[in-house]
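Trainee: Can you read through this structure? Questions will come right after.
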Amino acid sequence: MDRKGLYMGSFFDYFSVIYDPRQEGKIQHKLIDVLFIAVAATVCRCDEWEEIEEWAIAKEEWLRKYLELPNGIPSWYTIARVLDVISPKQFEKCFTAWMQEVTAMKEVTAMKEGTVVAIDGKTMRGTANKRAGKRAV
């Protein structure tokens, strides 16, 4: 389903409200692009920053169906920095609401009744910043 489709479109609806604290003149990658890459790669069992970047490079053609990626795939360092500056609470709220919608959808044909997708409890390594008092995403 394309970006305007019910299943994928809802990700963008939920996550586009996350506040982007980055300095405007220094932004090369759209926040929604970085968030989508991070979530999709994590669901695909990537749990290290370098793995997320490698996954995104390998899946770039697929990602471009949904993302603009005006400056290509962000580096692992950019992904880590972006996830470090967003609010973990806001991300959690968006993710939870999105998952509630996804699991409630009857139109999703890729998931058969009774299929379980284990996402609960996932924490992205390296996203905590104890000095700044930020919890991990």
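FYI, nothing fancy with the structure tokens labels: chains A, B, ... in order, residues from 1 per chain, ligands from 1 as they appear.
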Neighbouring residues of A:Phe95 were defined as those with any atom within 9 Å, considering only C-alpha atoms; residues of the same chain fewer than 3 positions away were excluded. Please report them as a list of chain:residue names.
Mentor: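 In the requested format, the answer is A:Phe11, A:Tyr14, A:Phe15, A:Gln90, A:Phe91, A:Glu92, A:Trp98, A:Met99, A:Gln100.
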Trainee: At a cut-off of 8 Å, using only C-alpha atoms, what residues contact A:Asp84? Leave out same-chain residues fewer than 3 positions from it and give the result as a PyMOL selection string.
Mentor: chain A and resi 80-81+127-129
Trainee: Identify all residues of stretch 1-78 of chain A in alpha helix (DSSP H) (DSSP on the backbone) and supply them as a PDB file with N, CA, C and O atoms, in the first residue's frame.
Mentor:
ATOM      1  N   LEU A   6      -4.141   3.346   3.917  1.00  0.00           N
ATOM      2  CA  LEU A   6      -4.580   3.321   5.312  1.00  0.00           C
ATOM      3  C   LEU A   6      -3.485   2.851   6.258  1.00  0.00           C
ATOM      4  O   LEU A   6      -3.204   3.486   7.261  1.00  0.00           O
ATOM      5  N   TYR A   7      -2.835   1.745   5.924  1.00  0.00           N
ATOM      6  CA  TYR A   7      -1.863   1.147   6.835  1.00  0.00           C
ATOM      7  C   TYR A   7      -0.622   2.009   7.005  1.00  0.00           C
ATOM      8  O   TYR A   7      -0.241   2.363   8.098  1.00  0.00           O
ATOM      9  N   MET A   8       0.036   2.367   5.900  1.00  0.00           N
ATOM     10  CA  MET A   8       1.264   3.146   5.984  1.00  0.00           C
ATOM     11  C   MET A   8       0.972   4.604   6.318  1.00  0.00           C
ATOM     12  O   MET A   8       1.707   5.234   7.028  1.00  0.00           O
ATOM     13  N   GLY A   9      -0.107   5.143   5.747  1.00  0.00           N
ATOM     14  CA  GLY A   9      -0.438   6.547   5.965  1.00  0.00           C
ATOM     15  C   GLY A   9      -0.621   6.877   7.429  1.00  0.00           C
ATOM     16  O   GLY A   9      -0.281   7.970   7.871  1.00  0.00           O
ATOM     17  N   SER A  10      -1.125   5.946   8.192  1.00  0.00           N
ATOM     18  CA  SER A  10      -1.369   6.235   9.594  1.00  0.00           C
ATOM     19  C   SER A  10      -0.066   6.500  10.349  1.00  0.00           C
ATOM     20  O   SER A  10      -0.050   7.293  11.285  1.00  0.00           O
ATOM     21  N   PHE A  11       1.038   5.866   9.951  1.00  0.00           N
ATOM     22  CA  PHE A  11       2.323   6.146  10.599  1.00  0.00           C
ATOM     23  C   PHE A  11       2.629   7.629  10.484  1.00  0.00           C
ATOM     24  O   PHE A  11       2.987   8.282  11.463  1.00  0.00           O
ATOM     25  N   PHE A  12       2.492   8.171   9.291  1.00  0.00           N
ATOM     26  CA  PHE A  12       2.808   9.567   9.048  1.00  0.00           C
ATOM     27  C   PHE A  12       1.840  10.487   9.778  1.00  0.00           C
ATOM     28  O   PHE A  12       2.234  11.536  10.271  1.00  0.00           O
ATOM     29  N   ASP A  13       0.590  10.081   9.879  1.00  0.00           N
ATOM     30  CA  ASP A  13      -0.392  10.874  10.618  1.00  0.00           C
ATOM     31  C   ASP A  13      -0.010  10.976  12.095  1.00  0.00           C
ATOM     32  O   ASP A  13      -0.065  12.049  12.685  1.00  0.00           O
ATOM     33  N   TYR A  14       0.372   9.871  12.685  1.00  0.00           N
ATOM     34  CA  TYR A  14       0.699   9.858  14.108  1.00  0.00           C
ATOM     35  C   TYR A  14       2.041  10.509  14.424  1.00  0.00           C
ATOM     36  O   TYR A  14       2.164  11.247  15.391  1.00  0.00           O
ATOM     37  N   PHE A  15       3.049  10.225  13.641  1.00  0.00           N
ATOM     38  CA  PHE A  15       4.406  10.670  13.972  1.00  0.00           C
ATOM     39  C   PHE A  15       4.749  12.066  13.467  1.00  0.00           C
ATOM     40  O   PHE A  15       5.729  12.648  13.907  1.00  0.00           O
ATOM     41  N   LEU A  31      12.540  14.885   9.651  1.00  0.00           N
ATOM     42  CA  LEU A  31      12.318  14.134  10.887  1.00  0.00           C
ATOM     43  C   LEU A  31      11.482  12.885  10.623  1.00  0.00           C
ATOM     44  O   LEU A  31      11.821  11.798  11.091  1.00  0.00           O
ATOM     45  N   ILE A  32      10.407  13.026   9.862  1.00  0.00           N
ATOM     46  CA  ILE A  32       9.530  11.875   9.613  1.00  0.00           C
ATOM     47  C   ILE A  32      10.276  10.766   8.877  1.00  0.00           C
ATOM     48  O   ILE A  32      10.042   9.580   9.124  1.00  0.00           O
ATOM     49  N   ASP A  33      11.214  11.124   7.994  1.00  0.00           N
ATOM     50  CA  ASP A  33      12.005  10.118   7.287  1.00  0.00           C
ATOM     51  C   ASP A  33      12.879   9.335   8.267  1.00  0.00           C
ATOM     52  O   ASP A  33      12.955   8.109   8.216  1.00  0.00           O
ATOM     53  N   VAL A  34      13.541  10.064   9.163  1.00  0.00           N
ATOM     54  CA  VAL A  34      14.418   9.412  10.144  1.00  0.00           C
ATOM     55  C   VAL A  34      13.604   8.523  11.078  1.00  0.00           C
ATOM     56  O   VAL A  34      13.998   7.387  11.369  1.00  0.00           O
ATOM     57  N   LEU A  35      12.448   8.998  11.522  1.00  0.00           N
ATOM     58  CA  LEU A  35      11.609   8.213  12.425  1.00  0.00           C
ATOM     59  C   LEU A  35      11.105   6.941  11.744  1.00  0.00           C
ATOM     60  O   LEU A  35      11.134   5.855  12.332  1.00  0.00           O
ATOM     61  N   PHE A  36      10.673   7.066  10.504  1.00  0.00           N
ATOM     62  CA  PHE A  36      10.175   5.901   9.772  1.00  0.00           C
ATOM     63  C   PHE A  36      11.275   4.861   9.600  1.00  0.00           C
ATOM     64  O   PHE A  36      11.055   3.665   9.826  1.00  0.00           O
ATOM     65  N   ILE A  37      12.461   5.310   9.217  1.00  0.00           N
ATOM     66  CA  ILE A  37      13.593   4.394   9.049  1.00  0.00           C
ATOM     67  C   ILE A  37      13.907   3.695  10.367  1.00  0.00           C
ATOM     68  O   ILE A  37      14.082   2.473  10.409  1.00  0.00           O
ATOM     69  N   ALA A  38      13.958   4.449  11.448  1.00  0.00           N
ATOM     70  CA  ALA A  38      14.297   3.870  12.753  1.00  0.00           C
ATOM     71  C   ALA A  38      13.265   2.840  13.195  1.00  0.00           C
ATOM     72  O   ALA A  38      13.622   1.745  13.649  1.00  0.00           O
ATOM     73  N   VAL A  39      11.992   3.161  13.045  1.00  0.00           N
ATOM     74  CA  VAL A  39      10.939   2.233  13.461  1.00  0.00           C
ATOM     75  C   VAL A  39      10.924   0.998  12.566  1.00  0.00           C
ATOM     76  O   VAL A  39      10.893  -0.134  13.061  1.00  0.00           O
ATOM     77  N   ALA A  40      10.973   1.200  11.267  1.00  0.00           N
ATOM     78  CA  ALA A  40      10.928   0.059  10.345  1.00  0.00           C
ATOM     79  C   ALA A  40      12.127  -0.861  10.549  1.00  0.00           C
ATOM     80  O   ALA A  40      11.981  -2.089  10.583  1.00  0.00           O
ATOM     81  N   ALA A  41      13.301  -0.285  10.694  1.00  0.00           N
ATOM     82  CA  ALA A  41      14.505  -1.108  10.894  1.00  0.00           C
ATOM     83  C   ALA A  41      14.451  -1.851  12.228  1.00  0.00           C
ATOM     84  O   ALA A  41      14.866  -3.007  12.313  1.00  0.00           O
ATOM     85  N   THR A  42      13.929  -1.209  13.245  1.00  0.00           N
ATOM     86  CA  THR A  42      13.820  -1.850  14.558  1.00  0.00           C
ATOM     87  C   THR A  42      12.836  -3.019  14.505  1.00  0.00           C
ATOM     88  O   THR A  42      13.103  -4.078  15.071  1.00  0.00           O
ATOM     89  N   VAL A  43      11.727  -2.833  13.809  1.00  0.00           N
ATOM     90  CA  VAL A  43      10.770  -3.923  13.653  1.00  0.00           C
ATOM     91  C   VAL A  43      11.410  -5.078  12.887  1.00  0.00           C
ATOM     92  O   VAL A  43      11.092  -6.246  13.123  1.00  0.00           O
ATOM     93  N   TRP A  49      22.860   1.154  15.814  1.00  0.00           N
ATOM     94  CA  TRP A  49      22.774   2.281  14.884  1.00  0.00           C
ATOM     95  C   TRP A  49      23.306   1.918  13.500  1.00  0.00           C
ATOM     96  O   TRP A  49      22.680   2.231  12.491  1.00  0.00           O
ATOM     97  N   GLU A  50      24.444   1.261  13.462  1.00  0.00           N
ATOM     98  CA  GLU A  50      25.042   0.888  12.175  1.00  0.00           C
ATOM     99  C   GLU A  50      24.143  -0.075  11.409  1.00  0.00           C
ATOM    100  O   GLU A  50      24.034   0.007  10.183  1.00  0.00           O
ATOM    101  N   GLU A  51      23.486  -0.996  12.126  1.00  0.00           N
ATOM    102  CA  GLU A  51      22.570  -1.936  11.487  1.00  0.00           C
ATOM    103  C   GLU A  51      21.383  -1.201  10.860  1.00  0.00           C
ATOM    104  O   GLU A  51      20.922  -1.580   9.777  1.00  0.00           O
ATOM    105  N   ILE A  52      20.901  -0.171  11.541  1.00  0.00           N
ATOM    106  CA  ILE A  52      19.775   0.601  11.020  1.00  0.00           C
ATOM    107  C   ILE A  52      20.175   1.283   9.712  1.00  0.00           C
ATOM    108  O   ILE A  52      19.436   1.242   8.725  1.00  0.00           O
ATOM    109  N   GLU A  53      21.356   1.885   9.691  1.00  0.00           N
ATOM    110  CA  GLU A  53      21.829   2.530   8.460  1.00  0.00           C
ATOM    111  C   GLU A  53      22.007   1.500   7.345  1.00  0.00           C
ATOM    112  O   GLU A  53      21.572   1.728   6.204  1.00  0.00           O
ATOM    113  N   GLU A  54      22.629   0.382   7.635  1.00  0.00           N
ATOM    114  CA  GLU A  54      22.845  -0.660   6.625  1.00  0.00           C
ATOM    115  C   GLU A  54      21.517  -1.179   6.083  1.00  0.00           C
ATOM    116  O   GLU A  54      21.364  -1.395   4.875  1.00  0.00           O
ATOM    117  N   TRP A  55      20.542  -1.377   6.961  1.00  0.00           N
ATOM    118  CA  TRP A  55      19.216  -1.831   6.545  1.00  0.00           C
ATOM    119  C   TRP A  55      18.590  -0.810   5.614  1.00  0.00           C
ATOM    120  O   TRP A  55      18.038  -1.170   4.563  1.00  0.00           O
ATOM    121  N   ALA A  56      18.673   0.470   5.982  1.00  0.00           N
ATOM    122  CA  ALA A  56      18.072   1.529   5.169  1.00  0.00           C
ATOM    123  C   ALA A  56      18.727   1.614   3.792  1.00  0.00           C
ATOM    124  O   ALA A  56      18.039   1.809   2.784  1.00  0.00           O
ATOM    125  N   ILE A  57      20.027   1.471   3.734  1.00  0.00           N
ATOM    126  CA  ILE A  57      20.730   1.491   2.446  1.00  0.00           C
ATOM    127  C   ILE A  57      20.254   0.322   1.576  1.00  0.00           C
ATOM    128  O   ILE A  57      19.970   0.497   0.388  1.00  0.00           O
ATOM    129  N   ALA A  58      20.139  -0.842   2.187  1.00  0.00           N
ATOM    130  CA  ALA A  58      19.696  -2.028   1.447  1.00  0.00           C
ATOM    131  C   ALA A  58      18.240  -1.906   0.989  1.00  0.00           C
ATOM    132  O   ALA A  58      17.859  -2.465  -0.042  1.00  0.00           O
ATOM    133  N   GLU A  60      16.630   1.048   0.343  1.00  0.00           N
ATOM    134  CA  GLU A  60      16.385   2.418  -0.125  1.00  0.00           C
ATOM    135  C   GLU A  60      15.285   2.491  -1.182  1.00  0.00           C
ATOM    136  O   GLU A  60      14.431   3.380  -1.129  1.00  0.00           O
ATOM    137  N   GLU A  61      15.296   1.593  -2.121  1.00  0.00           N
ATOM    138  CA  GLU A  61      14.268   1.619  -3.172  1.00  0.00           C
ATOM    139  C   GLU A  61      12.875   1.500  -2.563  1.00  0.00           C
ATOM    140  O   GLU A  61      11.947   2.226  -2.929  1.00  0.00           O
ATOM    141  N   TRP A  62      12.708   0.581  -1.621  1.00  0.00           N
ATOM    142  CA  TRP A  62      11.423   0.416  -0.942  1.00  0.00           C
ATOM    143  C   TRP A  62      11.077   1.650  -0.114  1.00  0.00           C
ATOM    144  O   TRP A  62       9.943   2.126  -0.158  1.00  0.00           O
ATOM    145  N   LEU A  63      12.057   2.185   0.601  1.00  0.00           N
ATOM    146  CA  LEU A  63      11.826   3.362   1.442  1.00  0.00           C
ATOM    147  C   LEU A  63      11.370   4.567   0.625  1.00  0.00           C
ATOM    148  O   LEU A  63      10.532   5.355   1.060  1.00  0.00           O
ATOM    149  N   TRP A  76      24.115   6.581  10.312  1.00  0.00           N
ATOM    150  CA  TRP A  76      23.751   6.048  11.635  1.00  0.00           C
ATOM    151  C   TRP A  76      23.911   7.131  12.692  1.00  0.00           C
ATOM    152  O   TRP A  76      23.130   7.224  13.630  1.00  0.00           O
ATOM    153  N   TYR A  77      24.914   7.983  12.519  1.00  0.00           N
ATOM    154  CA  TYR A  77      25.159   9.037  13.495  1.00  0.00           C
ATOM    155  C   TYR A  77      24.007  10.046  13.490  1.00  0.00           C
ATOM    156  O   TYR A  77      23.561  10.496  14.546  1.00  0.00           O
ATOM    157  N   THR A  78      23.521  10.384  12.314  1.00  0.00           N
ATOM    158  CA  THR A  78      22.384  11.308  12.208  1.00  0.00           C
ATOM    159  C   THR A  78      21.143  10.699  12.847  1.00  0.00           C
ATOM    160  O   THR A  78      20.423  11.372  13.587  1.00  0.00           O
TER     161      THR A  78
END
